[in-house]
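S.K.: What follows is protein.cif, made up of mmCIF, C-alpha atoms:
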```
data_protein
#
loop_
_atom_site.label_atom_id
_atom_site.label_comp_id
_atom_site.auth_asym_id
_atom_site.auth_seq_id
_atom_site.Cartn_x
_atom_site.Cartn_y
_atom_site.Cartn_z
CA ASN A 1 -91.64 79.76 32.24
CA HIS A 2 -90.33 83.20 33.13
CA GLY A 3 -92.30 84.98 30.41
CA ILE A 4 -96.01 85.14 29.61
CA SER A 5 -97.31 81.61 30.16
CA GLU A 6 -99.90 79.69 28.20
CA ASP A 7 -101.90 79.43 31.41
CA ALA A 8 -102.04 83.23 31.57
CA ILE A 9 -103.22 83.43 27.97
CA ASP A 10 -105.92 80.83 28.63
CA LYS A 11 -107.09 82.75 31.71
CA VAL A 12 -107.28 86.01 29.72
CA ALA A 13 -109.45 84.30 27.11
CA LYS A 14 -111.63 82.48 29.65
CA GLU A 15 -112.35 85.60 31.72
CA ASN A 16 -112.61 87.89 28.70
CA PHE A 17 -109.96 90.38 29.80
CA SER A 18 -109.25 93.29 27.47
CA LEU A 19 -105.82 94.19 28.88
CA LEU A 20 -102.81 92.19 30.07
CA MET A 21 -100.07 93.99 31.96
CA THR A 22 -96.92 92.11 32.93
CA CYS A 23 -94.50 92.68 35.80
CA ASP A 24 -90.82 91.75 35.52
CA CYS A 25 -91.27 89.69 32.37
CA GLY A 26 -92.43 89.72 28.76
CA SER A 27 -89.59 91.40 26.85
CA SER A 28 -88.93 88.20 24.92
CA SER A 29 -92.48 86.75 24.82
CA HIS A 30 -93.09 87.64 21.18
CA LYS A 31 -95.25 84.66 20.19
CA GLU A 32 -97.43 84.94 23.27
CA ILE A 33 -97.94 88.67 22.75
CA GLU A 34 -98.83 88.14 19.10
CA LYS A 35 -101.43 85.58 20.16
CA LEU A 36 -102.94 87.97 22.70
CA ILE A 37 -103.09 90.90 20.25
CA ALA A 38 -104.66 88.69 17.59
CA SER A 39 -107.43 87.88 20.07
CA GLY A 40 -108.09 91.58 20.69
CA VAL A 41 -106.23 91.91 23.99
CA ARG A 42 -104.07 94.98 24.62
CA VAL A 43 -100.64 94.20 26.11
CA ILE A 44 -98.42 96.37 28.30
CA VAL A 45 -95.06 94.85 29.23
CA THR A 46 -93.16 96.22 32.22
CA ASP A 47 -89.77 94.58 32.52
CA HIS A 48 -86.10 95.27 33.21
CA HIS A 49 -84.49 92.36 31.39
CA HIS A 50 -82.52 92.51 28.15
CA VAL A 51 -84.50 93.73 25.16
CA GLY A 52 -83.95 91.80 21.93
CA GLU A 53 -86.20 92.10 18.92
CA PRO A 54 -88.91 94.80 19.05
CA LEU A 55 -92.20 93.57 20.49
CA PRO A 56 -95.15 93.01 18.14
CA LYS A 57 -96.98 96.08 16.89
CA GLY A 58 -99.85 96.99 19.15
CA SER A 59 -98.05 96.25 22.41
CA LEU A 60 -96.40 98.73 24.75
CA LEU A 61 -93.02 98.10 26.39
CA VAL A 62 -91.85 99.91 29.53
CA ASN A 63 -88.23 98.89 30.09
CA PRO A 64 -85.27 101.01 31.27
CA GLN A 65 -82.96 99.01 29.01
CA LEU A 66 -84.50 100.77 26.01
CA LYS A 67 -82.54 103.95 26.82
CA SER A 68 -85.06 105.96 24.80
CA ASN A 69 -84.61 109.11 26.87
CA ASN A 70 -82.00 110.94 28.91
CA VAL A 71 -82.93 109.21 32.17
CA SER A 72 -80.42 106.62 33.41
CA ALA A 73 -82.45 103.87 35.08
CA GLU A 74 -80.86 100.63 33.89
CA GLU A 75 -80.33 99.50 37.49
CA LEU A 76 -84.06 99.36 38.27
CA SER A 77 -85.53 96.00 39.23
CA GLY A 78 -88.93 94.83 38.03
CA VAL A 79 -90.73 96.33 41.01
CA GLY A 80 -88.98 99.66 40.43
CA VAL A 81 -90.18 99.74 36.82
CA VAL A 82 -93.75 99.10 37.97
CA PHE A 83 -93.50 101.83 40.61
CA PHE A 84 -92.39 104.45 38.09
CA THR A 85 -95.08 103.25 35.68
CA LEU A 86 -97.68 103.87 38.39
CA MET A 87 -96.19 107.29 39.06
CA GLY A 88 -96.56 108.13 35.38
CA LEU A 89 -100.14 106.85 35.36
CA ARG A 90 -101.00 108.92 38.44
CA LYS A 91 -99.49 112.02 36.83
CA THR A 92 -101.63 111.52 33.72
CA LEU A 93 -104.78 110.99 35.80
CA ARG A 94 -104.01 114.17 37.74
CA GLU A 95 -103.76 116.11 34.50
CA LYS A 96 -107.14 114.73 33.46
CA ASN A 97 -108.67 115.75 36.83
CA TYR A 98 -109.54 112.14 37.53
CA PHE A 99 -108.90 112.57 41.24
CA SER A 100 -111.42 115.37 41.55
CA GLN A 101 -114.02 112.61 41.94
CA HIS A 102 -111.83 109.68 43.03
CA SER A 103 -109.40 109.20 45.92
CA GLU A 104 -105.77 109.62 44.93
CA PRO A 105 -103.47 106.73 45.90
CA ASN A 106 -100.52 107.43 48.19
CA LEU A 107 -97.82 105.61 46.27
CA ARG A 108 -95.24 106.30 48.97
CA SER A 109 -97.10 103.88 51.22
CA PHE A 110 -96.06 101.06 48.87
CA LEU A 111 -92.35 101.86 48.96
CA ASP A 112 -91.76 99.10 51.52
CA ILE A 113 -92.82 96.62 48.82
CA VAL A 114 -90.54 98.38 46.34
CA ALA A 115 -87.59 98.20 48.74
CA LEU A 116 -88.26 94.54 49.45
CA GLY A 117 -88.45 93.64 45.75
CA THR A 118 -85.34 95.65 44.89
CA ILE A 119 -83.21 94.07 47.61
CA ALA A 120 -84.57 90.55 47.05
CA ASP A 121 -83.74 90.85 43.33
CA LEU A 122 -80.13 91.73 44.27
CA ALA A 123 -80.36 94.93 42.25
CA PRO A 124 -77.47 97.37 42.80
CA LEU A 125 -78.29 99.88 45.53
CA THR A 126 -77.17 102.85 43.46
CA GLY A 127 -78.91 105.67 41.63
CA MET A 128 -82.69 105.44 41.68
CA ASN A 129 -82.59 102.16 43.57
CA ARG A 130 -80.75 103.80 46.45
CA THR A 131 -83.47 106.43 46.75
CA LEU A 132 -86.31 103.90 46.49
CA VAL A 133 -84.77 101.58 49.07
CA SER A 134 -83.82 104.30 51.57
CA GLN A 135 -87.36 105.69 51.49
CA GLY A 136 -88.87 102.21 51.48
CA LEU A 137 -86.94 101.17 54.59
CA MET A 138 -88.42 104.15 56.43
CA VAL A 139 -91.92 103.08 55.41
CA MET A 140 -91.06 99.51 56.43
CA LYS A 141 -90.17 100.74 59.92
CA ASP A 142 -93.09 103.12 60.49
CA THR A 143 -96.11 101.97 58.47
CA PRO A 144 -95.36 98.68 56.71
CA GLN A 145 -97.85 96.63 54.75
CA ILE A 146 -99.56 94.16 57.09
CA GLY A 147 -97.78 91.21 55.49
CA ILE A 148 -94.35 92.78 55.82
CA GLY A 149 -95.11 93.62 59.45
CA ALA A 150 -95.90 89.95 60.02
CA LEU A 151 -92.61 88.92 58.41
CA LYS A 152 -90.76 91.34 60.69
CA ASN A 153 -92.54 89.71 63.62
CA VAL A 154 -91.65 86.11 62.79
CA GLY A 155 -88.13 87.15 61.83
CA GLY A 156 -87.52 88.68 65.24
CA LEU A 157 -87.20 92.24 63.95
CA SER A 158 -88.38 95.00 66.28
CA GLN A 159 -91.47 96.82 65.10
CA ASP A 160 -90.13 100.22 66.20
CA GLN A 161 -86.43 99.98 65.30
CA PRO A 162 -84.89 101.05 61.98
CA ILE A 163 -84.76 98.37 59.29
CA SER A 164 -81.58 97.89 57.27
CA SER A 165 -81.06 96.44 53.81
CA GLU A 166 -79.33 93.52 55.56
CA ASP A 167 -82.48 92.86 57.60
CA VAL A 168 -84.47 92.69 54.39
CA GLY A 169 -81.88 90.65 52.50
CA PHE A 170 -81.22 88.07 55.21
CA VAL A 171 -84.44 87.93 57.25
CA ILE A 172 -87.47 89.02 55.22
CA ALA A 173 -86.61 88.24 51.57
CA PRO A 174 -85.40 84.65 52.12
CA ARG A 175 -88.76 83.71 53.60
CA ILE A 176 -90.58 84.97 50.50
CA ASN A 177 -88.07 83.41 48.11
CA ALA A 178 -88.17 80.07 49.92
CA ALA A 179 -91.92 79.82 49.42
CA ALA A 180 -91.51 80.35 45.67
CA ARG A 181 -88.55 77.96 45.43
CA LEU A 182 -90.56 75.18 47.07
CA GLY A 183 -93.68 75.74 44.96
CA HIS A 184 -95.70 77.93 47.32
CA ALA A 185 -95.42 81.32 45.60
CA ASP A 186 -99.17 81.77 46.02
CA GLN A 187 -98.72 81.91 49.80
CA ALA A 188 -96.09 84.65 49.49
CA PHE A 189 -98.38 86.65 47.22
CA GLU A 190 -101.33 86.14 49.56
CA LEU A 191 -99.25 87.41 52.46
CA LEU A 192 -98.12 90.57 50.66
CA VAL A 193 -101.70 91.57 49.80
CA CYS A 194 -103.23 90.37 53.09
CA GLN A 195 -105.25 92.92 55.08
CA ASP A 196 -105.97 90.68 58.09
CA PRO A 197 -103.20 90.76 60.75
CA VAL A 198 -104.16 87.34 62.15
CA LYS A 199 -104.15 85.71 58.72
CA ALA A 200 -100.92 87.52 57.82
CA LEU A 201 -99.15 86.14 60.88
CA GLU A 202 -100.33 82.63 60.01
CA LEU A 203 -98.99 82.99 56.47
CA ALA A 204 -95.72 84.49 57.68
CA GLN A 205 -95.23 81.47 59.96
CA LYS A 206 -95.81 79.17 56.99
CA LEU A 207 -93.18 81.06 54.99
CA SER A 208 -90.74 80.72 57.90
CA SER A 209 -91.37 76.99 57.90
CA HIS A 210 -90.70 76.83 54.15
CA ASN A 211 -87.44 78.70 54.70
CA GLN A 212 -86.31 76.16 57.31
CA THR A 213 -87.18 73.36 54.88
CA ARG A 214 -85.20 75.14 52.16
CA LYS A 215 -82.15 75.38 54.40
CA LYS A 216 -82.29 71.67 55.24
CA LYS A 217 -82.73 70.64 51.60
CA GLN A 218 -79.89 72.93 50.53
CA GLN A 219 -77.52 71.44 53.09
CA ALA A 220 -78.54 67.89 52.12
CA MET A 221 -77.88 68.70 48.44
CA PHE A 222 -74.47 70.12 49.33
CA GLU A 223 -73.56 66.94 51.17
CA VAL A 224 -74.64 64.87 48.15
CA ALA A 225 -72.45 67.02 45.90
CA LEU A 226 -69.40 67.06 48.16
CA PRO A 227 -67.74 63.75 47.08
CA GLU A 228 -68.00 64.75 43.40
CA ILE A 229 -66.70 68.23 44.15
CA LYS A 230 -63.66 66.80 45.96
CA ARG A 231 -62.99 64.42 43.04
CA GLN A 232 -63.08 67.28 40.54
CA LEU A 233 -60.85 69.48 42.72
CA THR A 234 -58.33 66.66 43.05
CA GLN A 235 -58.21 66.38 39.27
CA GLY A 236 -57.67 70.12 38.88
CA TYR A 237 -61.03 71.15 37.44
CA GLU A 238 -61.34 74.92 37.02
CA VAL A 239 -65.14 74.75 36.71
CA LEU A 240 -67.17 72.50 38.99
CA VAL A 241 -70.18 70.69 37.55
CA VAL A 242 -72.55 68.62 39.69
CA ALA A 243 -75.80 66.82 38.87
CA SER A 244 -78.18 64.57 40.75
CA GLU A 245 -81.72 63.29 40.85
CA GLU A 246 -81.71 64.23 44.54
CA TYR A 247 -81.45 67.95 43.83
CA HIS A 248 -84.50 70.19 44.14
CA PRO A 249 -85.01 72.30 40.98
CA GLY A 250 -85.91 75.38 43.00
CA ILE A 251 -82.71 75.29 45.03
CA ILE A 252 -79.95 74.37 42.54
CA GLY A 253 -79.08 78.03 42.05
CA LEU A 254 -78.42 78.36 45.78
CA LEU A 255 -76.42 75.13 45.67
CA SER A 256 -74.17 76.53 42.93
CA GLN A 257 -73.75 79.73 44.93
CA LYS A 258 -72.77 77.83 48.09
CA ILE A 259 -70.25 75.62 46.24
CA CYS A 260 -68.78 78.64 44.46
CA GLN A 261 -68.35 80.54 47.73
CA GLU A 262 -66.96 77.52 49.55
CA PHE A 263 -64.37 76.48 46.95
CA GLN A 264 -63.87 79.71 44.96
CA LYS A 265 -64.63 78.01 41.64
CA PRO A 266 -67.31 78.73 39.01
CA THR A 267 -70.03 76.14 39.53
CA ILE A 268 -72.86 74.68 37.46
CA SER A 269 -75.54 72.51 39.05
CA PHE A 270 -78.06 70.33 37.21
CA CYS A 271 -81.23 68.75 38.53
CA ILE A 272 -81.85 65.43 36.80
CA GLU A 273 -85.58 64.80 36.35
#
```
Could you show the structure in this file as structure tokens?
M.R.:
Amino acid sequence: NHGISEDAIDKVAKENFSLLMTCDCGSSSHKEIEKLIASGVRVIVTDHHHVGEPLPKGSLLVNPQLKSNNVSAEELSGVGVVFFTLMGLRKTLREKNYFSQHSEPNLRSFLDIVALGTIADLAPLTGMNRTLVSQGLMVMKDTPQIGIGALKNVGGLSQDQPISSEDVGFVIAPRINAAARLGHADQAFELLVCQDPVKALELAQKLSSHNQTRKKKQQAMFEVALPEIKRQLTQGYEVLVVASEEYHPGIIGLLSQKICQEFQKPTISFCIE
């Protein structure tokens, strides 16, 4: 479920939350939002996906696809939307003199997370994204979050050398994505919020192990698919379609990508459960 899950709704009710704020999802979760509002929960949706029908009355949607102002920000990824939402919140709190008695957060210090999320989501590195990523890569080099520093370590990236978008896309991001693909997204989250360098290194090593497992599973799936691919190519298929019970549901997208790149044909992969 890529929207608001029933588990999330149950947790909100169980722990008596008054506000639910989403990240990178929710623009199409109409029934779930209606259920939350009916139970007295306020809902703020931050998302960058396509906007269909208006969300239920009583909810707030922050989404660059709305095009409700003169700012062009359609290229933003989910993490970029959240970052600008936090900037807006900080601006409002400044105007209300909130920080006269509270410490003001340095949002720039989180730009390494923003850069990581933008690159990992394969968002175009143009416009606002280009600015966010270029600044985020500088933060990633000089003062990264402890978890990102640990990922640099296990990935063999120098702690004092500039970081490129390729370093993030091919060394850091795959380790985080692999954990999620194999059902260990909680470990990736724990690493990104970790404040203990020793624990962070341990988690980063686990993510590296998951990435190696992902690579092996992906190659094994490709080898399973190969005879069927060759049969379809021999028969002149313009679109390749493969399916197997041996495929891992978290990796079939990567399998399709590999087949497409290898044989230059649109590819659809199914995991039979």
S.K.: As a check of understanding, name the residues that the PyMOL selection byres ((chain A and resi 191-200) around 9) selects in the supplied structure, as a list in words.
M.R.: Ile113, Gln145, Ile146, Gly147, Ile148, Gly149, Ala150, Leu151, Asp186, Gln187, Ala188, Phe189, Glu190, Leu201, Glu202, Leu203, Ala204 and Gln205 of chain A
S.K.: For the file shown, report as a PyMOL selection string the outcome of the PyMOL selection byres ((chain A and resi 124) around 12) at residue level.
M.R.: chain A and resi 73-77+80+115+117-123+125-133+165
S.K.: For region 32-44 of chain A, please output as a list in words all residues within 9 Å (counting only C-alpha atoms; exclusion window: fewer than 3 positions along the same chain).
M.R.: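 Close residues of region 32-44 of chain A: Gly3, Ile4, Ser5, Glu6, Ile9, Val12, Ala13, Asn16, Phe17, Ser18, Leu19, Leu20, Met21, Thr22, Gly26, Ser29, Leu55, Pro56, Lys57, Gly58, Ser59, Leu60, Leu61 and Val62 of chain A.
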S.K.: At what distance in Å, to one decimal, does CA of Leu157 (chain A) lie from CA of Thr213 (chain A)?
M.R.: 20.9 Å
S.K.: Could you list the residues chosen by the PyMOL selection byres ((chain A and resi 236-245) around 9) in this structure as a count of residues only?
M.R.: 25
